[in-house]
Amino acid sequence: MVMRRICHFRTTPCARTAGENGRASGHLGTAALVALPLLLAAGAAQAASSEGCEGGGFTVLGRTQNATLPASALGTSFRVQGKYAQFDVDSATLGIRNFTLTGAPNPLDITGGVPTPVFASKLPDHRGLSLTSSLTVEIKETEIEIGRTGQNLSMKIQAKDCATGGIFQMEVEREDGTPTLFTHILAEGANPQLKAFYFDNRNFRNREGDEVPYKDITVTVPARVNFGNNFSRKFVGRDSPQVATRRSEPDCVNLIATRVPTSPATVRHCGGVSRWDVASGGRMGQVMGEDAVEVAPPATECVKKCQAQNRVRGRSTVLGFPFPVNPEDQLQPRFPRQQQAGATQSVATNPQ
């Protein structure tokens with residue numbers, strides 16, 4: 001049986017390798033998903049855990065409390081509904097579709113008060129494996145964790161019903177220990193202004209290589225890819241990987257201006273999709289708002305018994321992002337050539 005731990009969405013890398021913590025079994029018991037408080041870093045993230053989550057809480061299949069739901073009750077998909085966030089879950093894969101921020105009133109709202117689609121889908125490619133067990137649901141205040149297993153496979157989703165902050169992550173574990181391809185496709189929606197897109201954050205690019213203060217040390221500003229839209233000047237997010245590597249996209253080559261006019265940066269990233277090879281025991285998180293545009297040192301590579309020293313703590317430097325985003329910094333094209341017709345499934349290409 002695989003013992004699971006809750007890791008902070010953004011700053012606690014608590015993934016495991018199959019060799020260190022056992023293999024995924026064919027069934028996931030209640031003891032295998034132990035719901036613990038989701039620990040957030042100090043500073044801006046503390047606000048997300050108080051004001052940003054006020055009145056939040058999830059409902060899934062009519063449940064607002066812990067439950068174990070039989071496979072027969074799930075159907076092909078089901079809705080996870082919160083006050084600030086909602087998404088649909090594919091029962092057989094625990095991939096998600098239609099991730100939306102509802103625009104519910106909140107002091108830390110980043111949507112401009114309107115329902116805002118964020119991701120059309122986040123789908124794992126289990127390569128022929130599927131989830132067949134009961135669905136384990138753990139709900140505590142604004143947090144939810146759901147999990148299923150199948151033969152040689154387990155998946156877990158964690159979410160926080162908040163207007164901003166580290167609000168979502170998916171985790172996978174395979175018996176064979178091989179990586180899983182996750183494909184993230186940004187939402188388009190009916191309103192063109194709400195169409196989400198990836199962009200090279202000019203506020204980071206113009207400071208790339210600078211040393212900025214962090215607590216009692218300094219950290220180096222990296223390049224940063226965020227996603228946003230053309231409607232809300234506060235709407236911004238970031239894919240947050242842990243033990244995962246983004247695939248370079250040879251069909252999406254962007255030359256981004258740097259502080260050296262003769263040396264543009266080459267960014268092989270599409271405007272509407274990102275694809276990630278996630279290690280067994282690794283995860284993909286989603287960070288929204290101010291937390292997505294801060295500069296902080298990376299957390300240590302914790303694989304088990306994660307302690308406080310493995311988390312990033314303290315106030316970081318927040319660089320923000322330009323609004324509106326310069327079209328030259330919006331990554332193009334939206335999809336690789338193989339996906340231009342609107343396909344939403346992953347297409348194999350060479351990893352970076």
# chains A, B, ... in the order shown; residues from 1 in each chain; ligands from 1

call {"tool": "select_by_dssp", "arguments": {"residues": "stretch 141-317 of chain A", "states": "strand (DSSP E or B)", "output": "ChimeraX atom specification"}}
result
/A:143-150,153-160,165-174,180-186,197-200,211-214,217-220,225-228,236-246,253-256,265-268,273-288,294-295,317

call {"tool": "write_last_selection", "arguments": {"atoms": "C-alpha atoms", "output": "PDB file, in the first residue's frame"}}
result
ATOM      1  CA  GLU A 143      -9.421  21.884   1.244  1.00  0.00           C
ATOM      2  CA  ILE A 144     -10.276  18.737  -0.659  1.00  0.00           C
ATOM      3  CA  GLU A 145      -8.273  15.668  -1.603  1.00  0.00           C
ATOM      4  CA  ILE A 146      -9.573  12.930  -3.859  1.00  0.00           C
ATOM      5  CA  GLY A 147      -7.802   9.755  -4.910  1.00  0.00           C
ATOM      6  CA  ARG A 148      -8.235   6.530  -6.852  1.00  0.00           C
ATOM      7  CA  THR A 149      -6.056   3.602  -7.823  1.00  0.00           C
ATOM      8  CA  GLY A 150      -6.044   0.983 -10.509  1.00  0.00           C
ATOM      9  CA  LEU A 153      -1.426   3.111 -10.837  1.00  0.00           C
ATOM     10  CA  SER A 154      -2.605   5.737  -8.365  1.00  0.00           C
ATOM     11  CA  MET A 155      -3.688   9.363  -8.798  1.00  0.00           C
ATOM     12  CA  LYS A 156      -4.464  12.125  -6.346  1.00  0.00           C
ATOM     13  CA  ILE A 157      -5.933  15.621  -6.701  1.00  0.00           C
ATOM     14  CA  GLN A 158      -5.697  18.300  -4.025  1.00  0.00           C
ATOM     15  CA  ALA A 159      -7.414  21.673  -4.205  1.00  0.00           C
ATOM     16  CA  LYS A 160      -8.079  24.707  -2.030  1.00  0.00           C
ATOM     17  CA  GLY A 165      -2.641  31.338  -4.091  1.00  0.00           C
ATOM     18  CA  GLY A 166      -1.564  27.728  -4.507  1.00  0.00           C
ATOM     19  CA  ILE A 167      -4.996  26.261  -5.202  1.00  0.00           C
ATOM     20  CA  PHE A 168      -4.555  23.006  -7.138  1.00  0.00           C
ATOM     21  CA  GLN A 169      -2.216  20.077  -7.716  1.00  0.00           C
ATOM     22  CA  MET A 170      -2.265  16.610  -9.297  1.00  0.00           C
ATOM     23  CA  GLU A 171       0.011  13.729  -8.334  1.00  0.00           C
ATOM     24  CA  VAL A 172       0.657  10.406 -10.060  1.00  0.00           C
ATOM     25  CA  GLU A 173       2.416   7.190  -9.095  1.00  0.00           C
ATOM     26  CA  ARG A 174       3.085   4.166 -11.318  1.00  0.00           C
ATOM     27  CA  THR A 180       3.586  10.303 -16.969  1.00  0.00           C
ATOM     28  CA  LEU A 181       2.891  12.918 -19.630  1.00  0.00           C
ATOM     29  CA  PHE A 182       0.548  15.655 -18.373  1.00  0.00           C
ATOM     30  CA  THR A 183      -0.937  17.964 -21.013  1.00  0.00           C
ATOM     31  CA  HIS A 184      -2.260  21.344 -19.833  1.00  0.00           C
ATOM     32  CA  ILE A 185      -4.509  23.240 -22.243  1.00  0.00           C
ATOM     33  CA  LEU A 186      -5.579  26.776 -21.378  1.00  0.00           C
ATOM     34  CA  PHE A 197      -2.575  32.550 -22.871  1.00  0.00           C
ATOM     35  CA  TYR A 198       0.982  31.806 -21.816  1.00  0.00           C
ATOM     36  CA  PHE A 199       3.444  34.704 -21.917  1.00  0.00           C
ATOM     37  CA  ASP A 200       7.055  35.444 -21.150  1.00  0.00           C
ATOM     38  CA  GLU A 211      19.999  39.579  -7.269  1.00  0.00           C
ATOM     39  CA  VAL A 212      16.946  40.513  -5.205  1.00  0.00           C
ATOM     40  CA  PRO A 213      16.419  40.260  -1.455  1.00  0.00           C
ATOM     41  CA  TYR A 214      14.706  37.316   0.129  1.00  0.00           C
ATOM     42  CA  ILE A 217      19.651  36.274   1.646  1.00  0.00           C
ATOM     43  CA  THR A 218      19.421  37.189  -2.019  1.00  0.00           C
ATOM     44  CA  VAL A 219      18.140  35.135  -4.947  1.00  0.00           C
ATOM     45  CA  THR A 220      18.702  35.425  -8.683  1.00  0.00           C
ATOM     46  CA  VAL A 225       6.463  31.995 -18.071  1.00  0.00           C
ATOM     47  CA  ASN A 226       3.035  32.887 -16.677  1.00  0.00           C
ATOM     48  CA  PHE A 227      -0.482  32.736 -18.057  1.00  0.00           C
ATOM     49  CA  GLY A 228      -3.025  35.550 -18.062  1.00  0.00           C
ATOM     50  CA  VAL A 236      -2.164  35.700 -13.527  1.00  0.00           C
ATOM     51  CA  GLY A 237      -1.086  32.125 -12.900  1.00  0.00           C
ATOM     52  CA  ARG A 238       1.769  29.697 -13.189  1.00  0.00           C
ATOM     53  CA  ASP A 239       2.293  25.976 -13.730  1.00  0.00           C
ATOM     54  CA  SER A 240       4.178  24.723 -10.677  1.00  0.00           C
ATOM     55  CA  PRO A 241       6.108  21.467 -11.293  1.00  0.00           C
ATOM     56  CA  GLN A 242       7.718  19.193  -8.747  1.00  0.00           C
ATOM     57  CA  VAL A 243       9.927  16.387 -10.070  1.00  0.00           C
ATOM     58  CA  ALA A 244       8.588  17.215 -13.522  1.00  0.00           C
ATOM     59  CA  THR A 245      10.136  18.564 -16.735  1.00  0.00           C
ATOM     60  CA  ARG A 246       8.379  20.625 -19.379  1.00  0.00           C
ATOM     61  CA  VAL A 253       9.766  28.869 -31.244  1.00  0.00           C
ATOM     62  CA  ASN A 254       9.606  32.377 -29.767  1.00  0.00           C
ATOM     63  CA  LEU A 255      12.438  34.917 -29.835  1.00  0.00           C
ATOM     64  CA  ILE A 256      12.011  37.057 -26.724  1.00  0.00           C
ATOM     65  CA  ALA A 265      16.132  34.406 -25.760  1.00  0.00           C
ATOM     66  CA  THR A 266      14.705  31.377 -27.567  1.00  0.00           C
ATOM     67  CA  VAL A 267      11.598  30.082 -25.764  1.00  0.00           C
ATOM     68  CA  ARG A 268      10.132  26.850 -27.141  1.00  0.00           C
ATOM     69  CA  VAL A 273      -0.603  24.343 -24.139  1.00  0.00           C
ATOM     70  CA  SER A 274       2.218  23.037 -21.969  1.00  0.00           C
ATOM     71  CA  ARG A 275       3.275  19.416 -21.625  1.00  0.00           C
ATOM     72  CA  TRP A 276       5.138  17.910 -18.719  1.00  0.00           C
ATOM     73  CA  ASP A 277       6.889  14.617 -18.039  1.00  0.00           C
ATOM     74  CA  VAL A 278       6.016  14.020 -14.382  1.00  0.00           C
ATOM     75  CA  ALA A 279       8.064  11.497 -12.434  1.00  0.00           C
ATOM     76  CA  SER A 280       6.294   8.744 -10.539  1.00  0.00           C
ATOM     77  CA  GLY A 281       5.548  10.427  -7.207  1.00  0.00           C
ATOM     78  CA  GLY A 282       5.900  13.881  -8.771  1.00  0.00           C
ATOM     79  CA  ARG A 283       3.205  16.490  -9.125  1.00  0.00           C
ATOM     80  CA  MET A 284       1.942  19.446 -11.140  1.00  0.00           C
ATOM     81  CA  GLY A 285       0.590  22.400  -9.208  1.00  0.00           C
ATOM     82  CA  GLN A 286      -1.271  25.569 -10.132  1.00  0.00           C
ATOM     83  CA  VAL A 287      -0.499  28.902  -8.476  1.00  0.00           C
ATOM     84  CA  MET A 288      -2.639  32.011  -8.997  1.00  0.00           C
ATOM     85  CA  GLU A 294       7.196  36.274  -6.823  1.00  0.00           C
ATOM     86  CA  VAL A 295      10.910  35.495  -6.740  1.00  0.00           C
ATOM     87  CA  THR A 317      10.200  39.798  -3.871  1.00  0.00           C
TER      88      THR A 317
END

call {"tool": "residues_around", "arguments": {"residues": "A:Asp109", "least_positions_apart": "6", "cutoff": "8 Å", "atoms": "only C-alpha atoms", "output": "MDAnalysis selection string"}}
result
chainID A and resid 52 103 163:164

call {"tool": "write_last_selection", "arguments": {"atoms": "N, CA, C and O atoms", "output": "PDB file, in the first residue's frame"}}
result
ATOM      1  N   GLY A  52      -8.487  35.243   1.330  1.00  0.00           N
ATOM      2  CA  GLY A  52      -8.723  34.688   0.009  1.00  0.00           C
ATOM      3  C   GLY A  52      -9.577  33.435   0.006  1.00  0.00           C
ATOM      4  O   GLY A  52     -10.092  33.050  -1.042  1.00  0.00           O
ATOM      5  N   GLY A 103     -15.425  33.859  -9.850  1.00  0.00           N
ATOM      6  CA  GLY A 103     -15.605  35.302  -9.735  1.00  0.00           C
ATOM      7  C   GLY A 103     -16.399  35.719  -8.524  1.00  0.00           C
ATOM      8  O   GLY A 103     -16.831  36.880  -8.421  1.00  0.00           O
ATOM      9  N   ALA A 163      -9.600  32.290  -3.643  1.00  0.00           N
ATOM     10  CA  ALA A 163      -9.591  33.192  -4.791  1.00  0.00           C
ATOM     11  C   ALA A 163      -8.216  33.333  -5.415  1.00  0.00           C
ATOM     12  O   ALA A 163      -8.096  33.773  -6.563  1.00  0.00           O
ATOM     13  N   THR A 164      -7.173  32.959  -4.686  1.00  0.00           N
ATOM     14  CA  THR A 164      -5.812  33.152  -5.152  1.00  0.00           C
ATOM     15  C   THR A 164      -4.893  32.238  -4.369  1.00  0.00           C
ATOM     16  O   THR A 164      -5.303  31.598  -3.400  1.00  0.00           O
TER      17      THR A 164
END
